[in-house]
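Working notes, structure below.
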Amino acid sequence: MRHGSREYGFWSVGIALVLVFAMLPIVWIISLSLKSPATVGDGRFLPAGGNWTLDNYKTLFEGGFSGSPFIHPLINSIAIALISTVIAIVLAALAAYAIARLDFPGKTAILVGALAIAMFPQISTIGPLFDMWRSIGLYNTYPGLIIPYLTFSLPLAIYILVAFYREIPWDLEQAAQVDGATPFQAFRKVILPLAAPGTFTAAILVFIFCWNDFLFAITLTSSNASRTVPAALAFFTGSSQFTAPTGNIAAAAVIVTVPIIVFVLFFQRRIVAGLTAGAVKG
Amino acid sequence: MAEIVLDGVSKRFPDGFEAVKGMDLDVNDGEFMILVGPSGCGKSTALRMIAGLEDITDGTLKIGDEVVNELAPKDRDIAMVFQNYALYPHMTVRENMAFPLKLAKAPQEEVDQKVEEAARILDLTQHLDRRPANLSGGQRQRVAMGRAIVRDPKAFLMDEPLSNLDAKLRVQMRTEVARIQSRLGTTTVYVTHDQTEAMTLGDRVAVMRSGVLQQVGPPPELYDNPVNLFVAGFIGSPAMNFMPAKLRDGTVELPIAEVSLSGEARDRVAGSDGERSVIAGVRPESFEDASRVSGETRERGKTFKAKIDLVESLGAEQYAHFQVQAGQIESEELRELAEDAGAAEVPSSGEGQVVARIDAASKISRGQEVELWVDASKLHFFDPSTGRNLAAS
């Protein structure tokens with residue numbers, strides 16, 4: 001028992017340290033976002049005299065859809081990340097199913113190719129993409145961002161899903177077929193629900209990848225028509241030529257973390273282990 | 001309900017391995033057919049071809065007068081029980097059993113009614129809203145059965161459905177399966193490697209070896225008239241004893257004694273003249289403690305002396321093991337049987353070991369030299385080169 005409680009204490013301290021380390025920047029940026037331009041540079045955690053202000057948040061949304069520097073990019077971010085995630089998951093689910101279940105020539109080549117693409121340095125594609133997108137009219141459009149996002153997130157999603165599909169007993173699918181299901185019905189009603197934890201894991205990772213991307217967003221967009229939040233932050237201006245927009249950037253940074261927290265919490269509840277328990281014996 | 005006809009059905013895998021070779025089998029309407037054989041004999045492959053889960057390389061397969069070679073599993077109207085049950089873990093017991101009906105787009109009322117009825121038959125009513133993960137092995141097995149019977153298919157296919165249950169439950173479920181099948185009267189093909197299941201369940205039993213069908217017939221026929229060494233050695237527990245013998249004009253020279261043939265045994269070798277070497281097969285129950293055999297019965301056989309190595313008492317009967325001086329029996333089939341049973345790894349088993357089933361009241365004990373009796377009318381004789389039963393050739 002003593003040993004157990006000591007171990008418990010050790011882990012608690014360790015976890016607390018990691019939490020402090022991880023949370024400090026976030027807490028700090030929240031603090032910054034609540035300060036006025038006068039106190040933002042004073043290097044103190046709490047503003048002098050308790051002068052909290054929500055001005056930074058208000059200015060982000062001032063001017064509505066067209067006037068605000070933030071609302072349109074936020075909508076772009078949500079839309080592009082969601083569309084990319086949905087397309088990536090649908091394609092990856094089908095591809096991973098084929099790779100896990102079927103024997104076809106070039107299967108290994110596809111997996112190796114996917115891995116190679118995932119490891120490819122993104123920065124080296126930027127120049128050519130910029131030129132290509134401009135000449136074929138994808139520059140500064142949603143598809144212009146969604147396509148490169150898919151390129152880099154699909155391999156990841158396929159890898160995760162292949163691993164999950166391989167865990168599902170093949171007998172289940174055959175049972176479904178004997179029970180009268182078409183191959184697609186067997187996939188949709190039996191395999192897909194069982195692979196749900198894997199699907200949600202992949203969805204979270206793809207979403208985070210798209211949401212956080214700065215490189216493609218800053219290079220392949222030129223206006224609020226398709227600029228996402230990480231890129232838009234770089235274009236914030238202060239209230240005058242001589243003030244840095246620190247407070248506004250901090251406020252925007254706080255806001256962009258909210259959707260991702262919601263997204264992760266929502267899907268995390270679906271990532272339950274042991275979903276296939278009881279399917280087969282032996 | 002329908003009959004299933006396999007006509008020259010073969011299965012060759014892409015790597016060239018031929019799992020099933022030209023199999024001809026007629027399963028009659030409503031019949032309970034057992035496919036039995038050691039592991040790797042192709043029985044499961046044959047079943048999976050009937051189900052449509054494996055392509056048929058050659059031959060035709062008919063279910064109810066319709067050639068189904070090219071039909072997808074879902075269009076064959078058959079239900080299958082898998083060895084590992086293959087329940088859908090994300091569905092409740094009710095949803096599992098309703099799944100085939102839902103796919104067939106049956107109206108909700110009918111689905112409810114049929115699931116309730118199947119649950120009643122299988123004693124699953126109070127478990128309908130639980131998930132497979134929370135059920136015991138026997139309950140899962142019953143759910144798998146339930147999923148098969150709700151649909152009233154043309155045929156049931158069962159792939160070793162009881163092999164994952166523990167011994168006691170297996171016996172219970174065995175009677176359960178037999179009861180359900182006779183109640184529904186649905187054509188059933190049942191695959192097992194357990195000869196006890198085969199003997200107790202089936203209307204007819206088909207014995208397979210290395211992809212080739214050996215013999216098809218009702219259990220007593222397989223037991224009493226096996227066509228070859230393989231069937232003789234596979235059916236029956238403990239297995240038939242084999243020993244080299246010489247056949248000469250109505251008498252047979254066994255390593256234990258010279259026996260003059262009578263009754264059935266004489267008929268079996270009718271037509272083989274002169275002297276020839278054979279392999280003699282003696283079922284354990286064809287032996288008896290000589291002191292417990294009297295009168296007319298005794299006349300049918302011959303007594304001999306044997307030194308008992310071991311006595312296993314099972315209460316109702318006992319098994320006496322003894323050694324006979326015998327030459328090697330060279331037979332591919334027997335070697336395969338021994339390998340399947342794992343006997344090849346036990347040095348003392350095999351050559352010259354004989355098991356006799358004797359009356360529980362007998363006072364035979366280990367180490368004794370006792371007088372045993374062998375029933376000369378119950379002997380089987382096999383050709384040493386082909387393994388065929390002399391009676392069958």
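Residue names in the structure tokens use chain letters A, B, ... in the order shown, residue numbers from 1 in each chain, and ligand numbers from 1 in the order shown.
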For this session: Any chance you could list, as a ChimeraX atom specification, the residues in region 139-295 of chain B that come up strand (DSSP E or B) when DSSP is run on the backbone?
Result: /B:155-159,187-192,204-209,212-217,228,241-248,251-253,258-260,275-282,287-289
Which residues of chain B come within 9 Å of chain A, and for each one, what is the closest pair of atoms and their distance in Å to one decimal, counting only C-alpha atoms, sorted by chain and residue number, as CSV?
residue,atom,partner,partner_atom,distance
B:Ala51,CA,A:Val178,CA,7.0
B:Gly52,CA,A:Val178,CA,8.1
B:Leu53,CA,A:Gln174,CA,7.1
B:Ala72,CA,A:Gln177,CA,8.2
B:Pro73,CA,A:Val178,CA,5.1
B:Lys74,CA,A:Gly180,CA,3.9
B:Asp75,CA,A:Gly180,CA,6.9
B:Arg76,CA,A:Val178,CA,8.2
B:Asp77,CA,A:Gly180,CA,7.6
B:Ile78,CA,A:Val178,CA,6.8
B:Ala79,CA,A:Val178,CA,6.1
B:Met80,CA,A:Val178,CA,6.6
B:Val81,CA,A:Ala175,CA,8.1
B:Phe82,CA,A:Ala175,CA,7.7
B:Gln83,CA,A:Lys281,CA,8.3
B:Asn84,CA,A:Val280,CA,4.8
B:Tyr85,CA,A:Val280,CA,5.7
B:Ala86,CA,A:Val280,CA,5.0
B:Leu87,CA,A:Ala279,CA,4.8
B:Tyr88,CA,A:Ala279,CA,5.7
B:Pro89,CA,A:Ala279,CA,4.9
B:His90,CA,A:Leu194,CA,6.8
B:Phe99,CA,A:Asp179,CA,7.4
B:Pro100,CA,A:Asp179,CA,4.8
B:Leu101,CA,A:Asp179,CA,8.3
B:Leu103,CA,A:Gly180,CA,6.2
B:Ala104,CA,A:Gly180,CA,6.9
B:Arg131,CA,A:Gly278,CA,7.9
B:Pro132,CA,A:Gly278,CA,5.0
B:Ala133,CA,A:Gly278,CA,3.8
B:Asn134,CA,A:Gly278,CA,7.3
B:Leu135,CA,A:Gly278,CA,7.8
B:Gly137,CA,A:Lys281,CA,7.9
B:Arg140,CA,A:Gly278,CA,8.3
B:Arg147,CA,A:Asp179,CA,8.3
B:Ala148,CA,A:Asp179,CA,8.0
B:Arg151,CA,A:Asp179,CA,8.7
B:Asn164,CA,A:Gly282,CA,7.1
I need the chosen residues saved as a CSV table (one decimal), in the first residue's frame, with C-alpha atoms.
chain,number,residue,atom,x,y,z
B,51,ALA,CA,-21.7,-20.9,-48.6
B,52,GLY,CA,-20.2,-19.0,-51.5
B,53,LEU,CA,-17.3,-17.7,-49.4
B,72,ALA,CA,-22.9,-14.4,-54.2
B,73,PRO,CA,-23.4,-15.7,-50.7
B,74,LYS,CA,-26.3,-13.3,-50.1
B,75,ASP,CA,-28.3,-14.7,-53.1
B,76,ARG,CA,-27.9,-18.4,-52.0
B,77,ASP,CA,-30.4,-18.1,-49.2
B,78,ILE,CA,-28.3,-20.1,-46.7
B,79,ALA,CA,-27.4,-19.4,-43.1
B,80,MET,CA,-24.1,-20.1,-41.6
B,81,VAL,CA,-22.9,-20.6,-38.0
B,82,PHE,CA,-19.2,-19.8,-37.7
B,83,GLN,CA,-16.7,-21.6,-35.5
B,84,ASN,CA,-15.9,-18.4,-33.6
B,85,TYR,CA,-19.6,-17.3,-33.8
B,86,ALA,CA,-18.8,-14.0,-35.6
B,87,LEU,CA,-21.4,-12.0,-33.8
B,88,TYR,CA,-21.7,-8.3,-34.5
B,89,PRO,CA,-20.2,-6.8,-31.4
B,90,HIS,CA,-21.8,-3.3,-31.9
B,99,PHE,CA,-29.8,-8.4,-39.0
B,100,PRO,CA,-30.5,-11.0,-41.7
B,101,LEU,CA,-34.2,-10.1,-41.7
B,103,LEU,CA,-31.3,-6.9,-44.8
B,104,ALA,CA,-34.1,-8.9,-46.5
B,131,ARG,CA,-24.4,-7.2,-26.2
B,132,PRO,CA,-22.3,-10.2,-27.2
B,133,ALA,CA,-19.4,-9.0,-25.0
B,134,ASN,CA,-21.5,-9.6,-21.9
B,135,LEU,CA,-22.6,-13.1,-22.8
B,137,GLY,CA,-19.6,-18.7,-24.5
B,140,ARG,CA,-22.9,-16.4,-27.8
B,147,ARG,CA,-29.1,-15.6,-36.3
B,148,ALA,CA,-29.2,-18.6,-38.5
B,151,ARG,CA,-34.5,-16.4,-41.5
B,164,ASN,CA,-15.0,-23.4,-28.8
I'd like the contact shell of Asp65 (chain B) - 9 Å cut-off, only C-alpha atoms, skipping same-chain residues fewer than 5 positions apart - returned as a PDB file with C-alpha atoms, in the first residue's frame.
ATOM      1  CA  ALA B   2     -33.741 -27.763 -50.469  1.00  0.00           C
ATOM      2  CA  GLU B   3     -31.300 -30.427 -51.354  1.00  0.00           C
ATOM      3  CA  ILE B   4     -27.662 -29.616 -51.944  1.00  0.00           C
ATOM      4  CA  VAL B   5     -25.822 -31.420 -54.702  1.00  0.00           C
TER       5      VAL B   5
END
Report as a Markdown table: every residue of region 20-111 of chain A with an atom at most 12 Å from region 197-209 of chain A, its closest pair of atoms, and their distance in Å to one decimal, counting only C-alpha atoms, with rows sorted by chain and ascending residue number.
| residue | atom | partner | partner_atom | distance |
| --- | --- | --- | --- | --- |
| A:Ser77 | CA | A:Phe207 | CA | 10.3 |
| A:Ile78 | CA | A:Phe207 | CA | 9.4 |
| A:Ala79 | CA | A:Phe207 | CA | 10.8 |
| A:Ile80 | CA | A:Phe207 | CA | 9.4 |
| A:Ala81 | CA | A:Phe207 | CA | 5.7 |
| A:Leu82 | CA | A:Phe207 | CA | 6.9 |
| A:Ile83 | CA | A:Phe207 | CA | 9.3 |
| A:Ser84 | CA | A:Phe207 | CA | 7.6 |
| A:Thr85 | CA | A:Phe207 | CA | 5.6 |
| A:Val86 | CA | A:Ala203 | CA | 7.8 |
| A:Ile87 | CA | A:Ala203 | CA | 10.1 |
| A:Ala88 | CA | A:Val206 | CA | 7.7 |
| A:Ile89 | CA | A:Ala203 | CA | 6.4 |
| A:Val90 | CA | A:Thr199 | CA | 9.4 |
| A:Leu91 | CA | A:Thr199 | CA | 11.4 |
| A:Ala92 | CA | A:Thr199 | CA | 9.1 |
| A:Ala93 | CA | A:Thr199 | CA | 7.6 |
| A:Leu94 | CA | A:Thr199 | CA | 11.4 |
| A:Ala96 | CA | A:Thr199 | CA | 10.7 |
| A:Tyr97 | CA | A:Thr199 | CA | 11.7 |
Could the residues in this selection be saved with N, CA and C atoms as a short mmCIF file (atom, residue, chain, number, x, y, z; two decimals), in the first residue's frame?
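As written to disk, out.cif reads:
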data_model
loop_
_atom_site.label_atom_id
_atom_site.label_comp_id
_atom_site.auth_asym_id
_atom_site.auth_seq_id
_atom_site.Cartn_x
_atom_site.Cartn_y
_atom_site.Cartn_z
N SER A 77 -11.46 28.86 -42.23
CA SER A 77 -10.74 27.82 -41.51
C SER A 77 -11.65 26.65 -41.22
N ILE A 78 -12.83 26.95 -40.64
CA ILE A 78 -13.76 25.89 -40.27
C ILE A 78 -14.17 25.12 -41.52
N ALA A 79 -14.55 25.84 -42.57
CA ALA A 79 -15.05 25.18 -43.77
C ALA A 79 -13.96 24.32 -44.41
N ILE A 80 -12.78 24.90 -44.59
CA ILE A 80 -11.71 24.16 -45.28
C ILE A 80 -11.30 22.93 -44.47
N ALA A 81 -11.17 23.10 -43.15
CA ALA A 81 -10.75 21.96 -42.33
C ALA A 81 -11.81 20.86 -42.34
N LEU A 82 -13.08 21.27 -42.25
CA LEU A 82 -14.15 20.26 -42.22
C LEU A 82 -14.24 19.53 -43.56
N ILE A 83 -14.23 20.32 -44.65
CA ILE A 83 -14.34 19.68 -45.97
C ILE A 83 -13.17 18.72 -46.19
N SER A 84 -11.96 19.19 -45.86
CA SER A 84 -10.78 18.33 -46.04
C SER A 84 -10.92 17.05 -45.22
N THR A 85 -11.38 17.20 -43.96
CA THR A 85 -11.49 16.04 -43.09
C THR A 85 -12.49 15.04 -43.66
N VAL A 86 -13.65 15.54 -44.08
CA VAL A 86 -14.67 14.63 -44.60
C VAL A 86 -14.16 13.88 -45.83
N ILE A 87 -13.58 14.65 -46.78
CA ILE A 87 -13.09 13.99 -48.00
C ILE A 87 -11.98 12.99 -47.65
N ALA A 88 -11.06 13.41 -46.79
CA ALA A 88 -9.94 12.53 -46.45
C ALA A 88 -10.44 11.24 -45.81
N ILE A 89 -11.42 11.37 -44.90
CA ILE A 89 -11.88 10.18 -44.19
C ILE A 89 -12.63 9.24 -45.12
N VAL A 90 -13.47 9.80 -45.99
CA VAL A 90 -14.22 8.94 -46.92
C VAL A 90 -13.25 8.19 -47.83
N LEU A 91 -12.32 8.94 -48.43
CA LEU A 91 -11.36 8.29 -49.34
C LEU A 91 -10.48 7.29 -48.59
N ALA A 92 -10.02 7.70 -47.41
CA ALA A 92 -9.11 6.84 -46.66
C ALA A 92 -9.83 5.57 -46.21
N ALA A 93 -11.11 5.69 -45.84
CA ALA A 93 -11.85 4.51 -45.38
C ALA A 93 -11.93 3.49 -46.50
N LEU A 94 -12.25 3.95 -47.71
CA LEU A 94 -12.37 3.03 -48.83
C LEU A 94 -11.01 2.44 -49.20
N ALA A 96 -8.28 2.20 -47.33
CA ALA A 96 -7.73 1.35 -46.28
C ALA A 96 -8.44 0.00 -46.26
N TYR A 97 -9.74 0.01 -46.53
CA TYR A 97 -10.50 -1.23 -46.56
C TYR A 97 -9.97 -2.13 -47.66
#
Exercise. Near Val374 (chain B), counting only C-alpha atoms, which residues have an atom at most 10 Å away, once you skip same-chain residues fewer than 2 positions from it, shown as number ranges by chain?
Worked result: B: 256-257, 259, 282-290, 293, 298, 300-304, 356, 372, 376-379
For this session: Looking only at alpha helix (DSSP H) from DSSP on the backbone, list the matching residues of region 15-209 of chain B as a PyMOL selection string.
Result: chain B and resi 43-51+93-103+108-121+137-149+167-184+195-201
Exercise. What does the distance from CA of Val93 (chain B) to CA of Ala186 (chain A) come to in Å, to one decimal?
Worked result: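 So the two atoms, CA of Val93 (chain B) and CA of Ala186 (chain A), lie 17.9 Å apart.
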For this session: Do a neighbour search on Asn51 (chain A) at 12 Å with only C-alpha atoms, toss out local chain neighbours closer than 3 positions, and write the hits as a list of chain:residue names.
Result: A:Ser31, A:Leu32, A:Leu34, A:Lys35, A:Ser36, A:Pro37, A:Ala38, A:Thr39, A:Val40, A:Phe45, A:Leu46, A:Pro47, A:Ala48, A:Leu54, A:Asp55
Pull C-alpha atoms from the residues just selected and write them as a compact mmCIF listing (two decimals), in the first residue's frame.
# COMPACT_ATOMS: atom_id res chain seq x y z
CA SER A 31 -3.79 36.93 -20.02
CA LEU A 32 -2.38 38.96 -22.94
CA LEU A 34 -7.38 40.45 -21.78
CA LYS A 35 -4.96 43.36 -21.45
CA SER A 36 -5.30 46.86 -22.89
CA PRO A 37 -2.64 48.25 -25.27
CA ALA A 38 -1.23 50.25 -22.38
CA THR A 39 -0.47 47.27 -20.17
CA VAL A 40 0.18 44.59 -22.75
CA PHE A 45 0.81 38.20 -15.56
CA LEU A 46 -2.07 40.12 -14.03
CA PRO A 47 -2.72 43.61 -15.39
CA ALA A 48 -2.08 46.39 -12.92
CA LEU A 54 -12.56 42.50 -23.56
CA ASP A 55 -11.69 45.18 -26.12
For this session: Would you kindly return, as a VMD selection string, each protein, DNA or RNA residue with an atom no farther than 6 Å from any atom of Leu157 (chain B), considering only C-alpha atoms and excluding same-chain residues fewer than 2 positions away?
Result: chain B and resid 80 188 to 190
Long-range neighbours of Gly8 (chain B) as a short mmCIF file (atom, residue, chain, number, x, y, z; two decimals) with C-alpha atoms, in the first residue's frame, 8 Å cut-off, only C-alpha atoms, 4 positions minimum in chain:
data_model
loop_
_atom_site.label_atom_id
_atom_site.label_comp_id
_atom_site.auth_asym_id
_atom_site.auth_seq_id
_atom_site.Cartn_x
_atom_site.Cartn_y
_atom_site.Cartn_z
CA LYS B 21 -10.70 -32.89 -55.16
CA GLY B 22 -13.69 -33.81 -57.30
CA MET B 23 -16.20 -34.10 -54.50
CA ASP B 24 -19.57 -35.71 -55.22
CA ASP B 58 -14.32 -26.99 -60.93
CA GLY B 59 -17.60 -28.86 -60.89
CA THR B 60 -21.12 -27.69 -60.18
#
